[in-house]
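Working notes, structure below.
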Amino acid sequence: MEKFIFAFLVGGAICMLGQLLMDVFRLTPAHMTVSLVVVGAILGGLGLYEPLIKFAGAGASVPISSFGNSLVSGALDEAARNGIIGVLTAIFETPRAGISSAIIFGFLASLPFKPKG
Amino acid sequence: MSDKKKKKLSPVQQEYQQFAKEREPKRPIAKNCLRAFVAGGIICTIGQFFHWFYMTYFNFTEVTAANPTVASLIILSMLLTGLGVYDHIAQWAGGGTIVPVTGFANTITSAAIEHRSEGYVLGVGGNMFKIAGPVIVFGVFSAFIVAIVRLAVEALGGML
């Protein structure tokens with residue numbers, strides 16, 4: 001049960017960080033998400049993001065920074081198995097569910113829905 | 001604006017910059033942060049519920065359950081975007097709805113729906129990743145660099 005509380009707190013904190021980047025440092029939403037992804041990739045490379053996911057569950061895996069982490073972790077796992085070429089072949093290994101479902105359902109959504117407002 | 005940039009502007013332009021700066025509405029930073037915290041927290045809690053669901057009823061582990069969780073949230077967010085609800089939530093929540101993966105899905109869906117009138121190949125297919133593209137490009141490139149650096153450090157006998 002405490003997992004839900006940690007997810008709320010950590011997820012909320014990451015979103016607040018994003019809001020601060022937009023309001024205080026005047027980044028556009030696109031620059032803000034890109035920065036978070038790069039930070040996530042660096043933390044993943046240092047091996048610090050996985051413990052955060054273990055601690056906060058979805059609180060760490062739902063914010064966009066986990067996209068950077070999962071790219072790195074997939075590449076590193078495959079590189080450990082099959083050598084350095086694994087960085088190229090397996091970079092989409094872990095986040096493939098997110099990417100493919102985004103493409104599939106994004107396209108499906110464009111079939112029935114019309115632009116609003 | 002930095003001093004270096006300022007020097008290139010003519011006096012009239014500088015005057016205008018000053019004029020625009022004074023009239024720009026102040027951003028309620030504390031209120032925005034609180035809203036982002038609450039909204040982001042709620043989205044992550046919903047994600048945690050999916051996480052728990054996939055771990056309990058399917059054979060996913062703590063780490064692998066993140067994949068179906070993200071996919072479920074993406075589907076949810078796309079439905080809400082298509083129905084026009086997500087924009088209203090985002091209006092209130094700001095960064096709380098942009099940072100979670102639901103915001104990523106929202107940008108893809110809204111771009112796809114918006115460009116539908118230009119046809120399915122050039123409109124939907126060509127513009128789907130217009131806003132979400134930078135995230136993928138910079139994510140993949142930075143992940144590549146980070147992975148190479150990490151492997152190099154390991155090969156050189158670093159302690160990582």
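Chain labels follow the order of the structure tokens: the first chain is A, the next B, and so on; residue numbering restarts at 1 in every chain, and ligands are counted from 1 in their shown order.
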
Run DSSP on the backbone and tell me which residues of segment 11-138 of chain B come out as alpha helix (DSSP H); list them as a VMD selection string.
chain B and resid 11 to 23 29 to 57 66 to 82 86 to 93 95 to 98 101 to 114 126 to 127 133 to 138

Using only C-alpha atoms, which residues sit within 9 Å of Phe113 of chain A once same-chain residues fewer than 3 positions away are excluded, as number ranges by chain?
A: 109-110, 116; B: 82-83, 113

Using only C-alpha atoms and a distance of at most 7 Å, pull out the residues of chain A that contact chain B, as a VMD selection string.
chain A and resid 4 7 to 9 11 to 13 15 to 16 18 to 20 23 33 to 34 37 to 38 41 to 42 45 54 57 to 59 61 to 64 68 71 to 72 75 to 76 87 97 to 98 101 to 102 105 to 107 109 to 110 113 to 116

For the selection you just gave me, I'd like the residues written to a file as a short mmCIF file (atom, residue, chain, number, x, y, z; two decimals), in the first residue's frame, keeping N, CA and C atoms.
data_model
loop_
_atom_site.label_atom_id
_atom_site.label_comp_id
_atom_site.auth_asym_id
_atom_site.auth_seq_id
_atom_site.Cartn_x
_atom_site.Cartn_y
_atom_site.Cartn_z
N PHE A 4 1.81 3.04 -3.27
CA PHE A 4 0.95 4.03 -3.91
C PHE A 4 1.32 5.44 -3.43
N ALA A 7 4.59 6.37 -5.01
CA ALA A 7 4.36 6.70 -6.43
C ALA A 7 3.80 8.10 -6.56
N PHE A 8 2.84 8.43 -5.68
CA PHE A 8 2.24 9.77 -5.73
C PHE A 8 3.30 10.83 -5.47
N LEU A 9 4.11 10.62 -4.40
CA LEU A 9 5.07 11.65 -4.01
C LEU A 9 6.17 11.82 -5.05
N GLY A 11 6.30 10.75 -8.28
CA GLY A 11 5.74 11.20 -9.56
C GLY A 11 5.37 12.67 -9.51
N GLY A 12 4.73 13.08 -8.41
CA GLY A 12 4.37 14.49 -8.26
C GLY A 12 5.60 15.38 -8.24
N ALA A 13 6.66 14.91 -7.56
CA ALA A 13 7.88 15.72 -7.46
C ALA A 13 8.52 15.90 -8.83
N CYS A 15 7.00 15.85 -11.74
CA CYS A 15 6.16 16.76 -12.50
C CYS A 15 6.35 18.20 -12.04
N MET A 16 6.54 18.38 -10.71
CA MET A 16 6.77 19.72 -10.19
C MET A 16 8.10 20.26 -10.71
N GLY A 18 9.38 19.58 -13.57
CA GLY A 18 9.10 20.00 -14.94
C GLY A 18 8.42 21.36 -14.97
N GLN A 19 7.46 21.55 -14.07
CA GLN A 19 6.75 22.83 -14.01
C GLN A 19 7.71 23.97 -13.66
N LEU A 20 8.66 23.68 -12.74
CA LEU A 20 9.65 24.69 -12.35
C LEU A 20 10.54 25.04 -13.54
N ASP A 23 8.47 27.41 -15.66
CA ASP A 23 8.11 28.71 -15.10
C ASP A 23 9.34 29.54 -14.74
N THR A 33 10.59 18.63 -21.69
CA THR A 33 10.52 17.16 -21.76
C THR A 33 11.85 16.59 -22.26
N VAL A 34 12.46 17.27 -23.25
CA VAL A 34 13.75 16.78 -23.76
C VAL A 34 14.79 16.77 -22.64
N VAL A 37 14.22 13.85 -20.36
CA VAL A 37 14.63 12.58 -20.95
C VAL A 37 16.15 12.41 -20.88
N VAL A 38 16.88 13.51 -21.18
CA VAL A 38 18.34 13.41 -21.13
C VAL A 38 18.82 13.15 -19.70
N ALA A 41 18.29 9.59 -18.97
CA ALA A 41 19.29 8.72 -19.63
C ALA A 41 20.59 8.73 -18.84
N ILE A 42 21.00 9.92 -18.36
CA ILE A 42 22.26 10.01 -17.60
C ILE A 42 22.14 9.25 -16.28
N GLY A 45 22.39 5.65 -16.97
CA GLY A 45 23.76 5.23 -17.22
C GLY A 45 24.57 5.09 -15.94
N LYS A 54 12.45 0.84 -8.33
CA LYS A 54 12.17 -0.17 -7.30
C LYS A 54 11.51 0.47 -6.08
N GLY A 57 8.07 2.63 -7.90
CA GLY A 57 7.21 1.99 -8.89
C GLY A 57 6.84 2.93 -10.01
N ALA A 58 5.52 3.05 -10.24
CA ALA A 58 5.05 3.87 -11.35
C ALA A 58 5.39 5.34 -11.17
N GLY A 59 5.67 5.76 -9.93
CA GLY A 59 6.05 7.15 -9.71
C GLY A 59 7.31 7.52 -10.46
N SER A 61 8.43 5.27 -13.17
CA SER A 61 8.40 4.69 -14.51
C SER A 61 7.38 5.39 -15.42
N VAL A 62 6.46 6.16 -14.87
CA VAL A 62 5.47 6.85 -15.71
C VAL A 62 5.98 8.20 -16.24
N PRO A 63 6.69 9.03 -15.44
CA PRO A 63 7.22 10.27 -16.02
C PRO A 63 8.17 10.00 -17.19
N ILE A 64 8.27 10.97 -18.08
CA ILE A 64 8.98 10.79 -19.35
C ILE A 64 10.46 10.53 -19.14
N GLY A 68 14.21 7.87 -21.14
CA GLY A 68 15.67 7.92 -21.30
C GLY A 68 16.34 6.76 -20.60
N LEU A 71 15.81 3.43 -22.53
CA LEU A 71 16.66 3.35 -23.72
C LEU A 71 18.06 2.88 -23.34
N VAL A 72 18.63 3.51 -22.28
CA VAL A 72 19.99 3.17 -21.86
C VAL A 72 20.06 1.74 -21.34
N ALA A 75 19.98 -0.89 -24.07
CA ALA A 75 21.25 -0.91 -24.81
C ALA A 75 22.35 -1.57 -23.99
N LEU A 76 22.43 -1.25 -22.70
CA LEU A 76 23.51 -1.79 -21.87
C LEU A 76 23.35 -3.29 -21.65
N VAL A 87 24.42 -1.93 -28.46
CA VAL A 87 23.96 -0.56 -28.22
C VAL A 87 23.06 -0.11 -29.36
N ALA A 97 7.28 -1.09 -26.04
CA ALA A 97 5.85 -1.15 -25.77
C ALA A 97 5.24 0.24 -25.84
N GLY A 98 5.94 1.21 -25.26
CA GLY A 98 5.42 2.58 -25.27
C GLY A 98 5.37 3.15 -26.67
N SER A 101 2.76 1.20 -28.96
CA SER A 101 1.37 1.46 -28.63
C SER A 101 1.02 2.91 -28.93
N ALA A 102 2.00 3.83 -28.77
CA ALA A 102 1.72 5.23 -29.10
C ALA A 102 1.41 5.37 -30.58
N PHE A 105 -2.12 3.31 -31.39
CA PHE A 105 -3.35 3.91 -30.90
C PHE A 105 -3.49 5.37 -31.33
N GLY A 106 -2.35 6.03 -31.58
CA GLY A 106 -2.43 7.38 -32.12
C GLY A 106 -3.08 7.37 -33.50
N PHE A 107 -2.68 6.38 -34.31
CA PHE A 107 -3.28 6.30 -35.63
C PHE A 107 -4.75 5.92 -35.54
N ALA A 109 -6.76 6.54 -33.15
CA ALA A 109 -7.54 7.67 -32.63
C ALA A 109 -7.85 8.67 -33.74
N SER A 110 -6.97 8.74 -34.76
CA SER A 110 -7.22 9.72 -35.82
C SER A 110 -8.32 9.24 -36.76
N PHE A 113 -12.00 10.25 -34.47
CA PHE A 113 -12.14 11.55 -33.79
C PHE A 113 -11.84 12.70 -34.74
N LYS A 114 -12.58 13.79 -34.54
CA LYS A 114 -12.34 15.01 -35.32
C LYS A 114 -11.75 16.07 -34.40
N PRO A 115 -10.98 17.03 -34.95
CA PRO A 115 -10.40 18.06 -34.08
C PRO A 115 -11.48 18.83 -33.35
N LYS A 116 -11.19 19.16 -32.07
CA LYS A 116 -12.16 19.89 -31.25
C LYS A 116 -11.73 21.35 -31.12
#

By how many Å are atom CA of Ser70 of chain A and atom CA of Thr94 of chain A apart?
5.5 Å

Å distance separating atom CA of Ala60 of chain A from atom CA of Val10 of chain A, one decimal place
6.6 Å

As an exercise, work out the distance from atom CA of Met22 of chain A to atom CA of Lys21 of chain B in Å and give it to one decimal place.
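The value is 16.9 Å.
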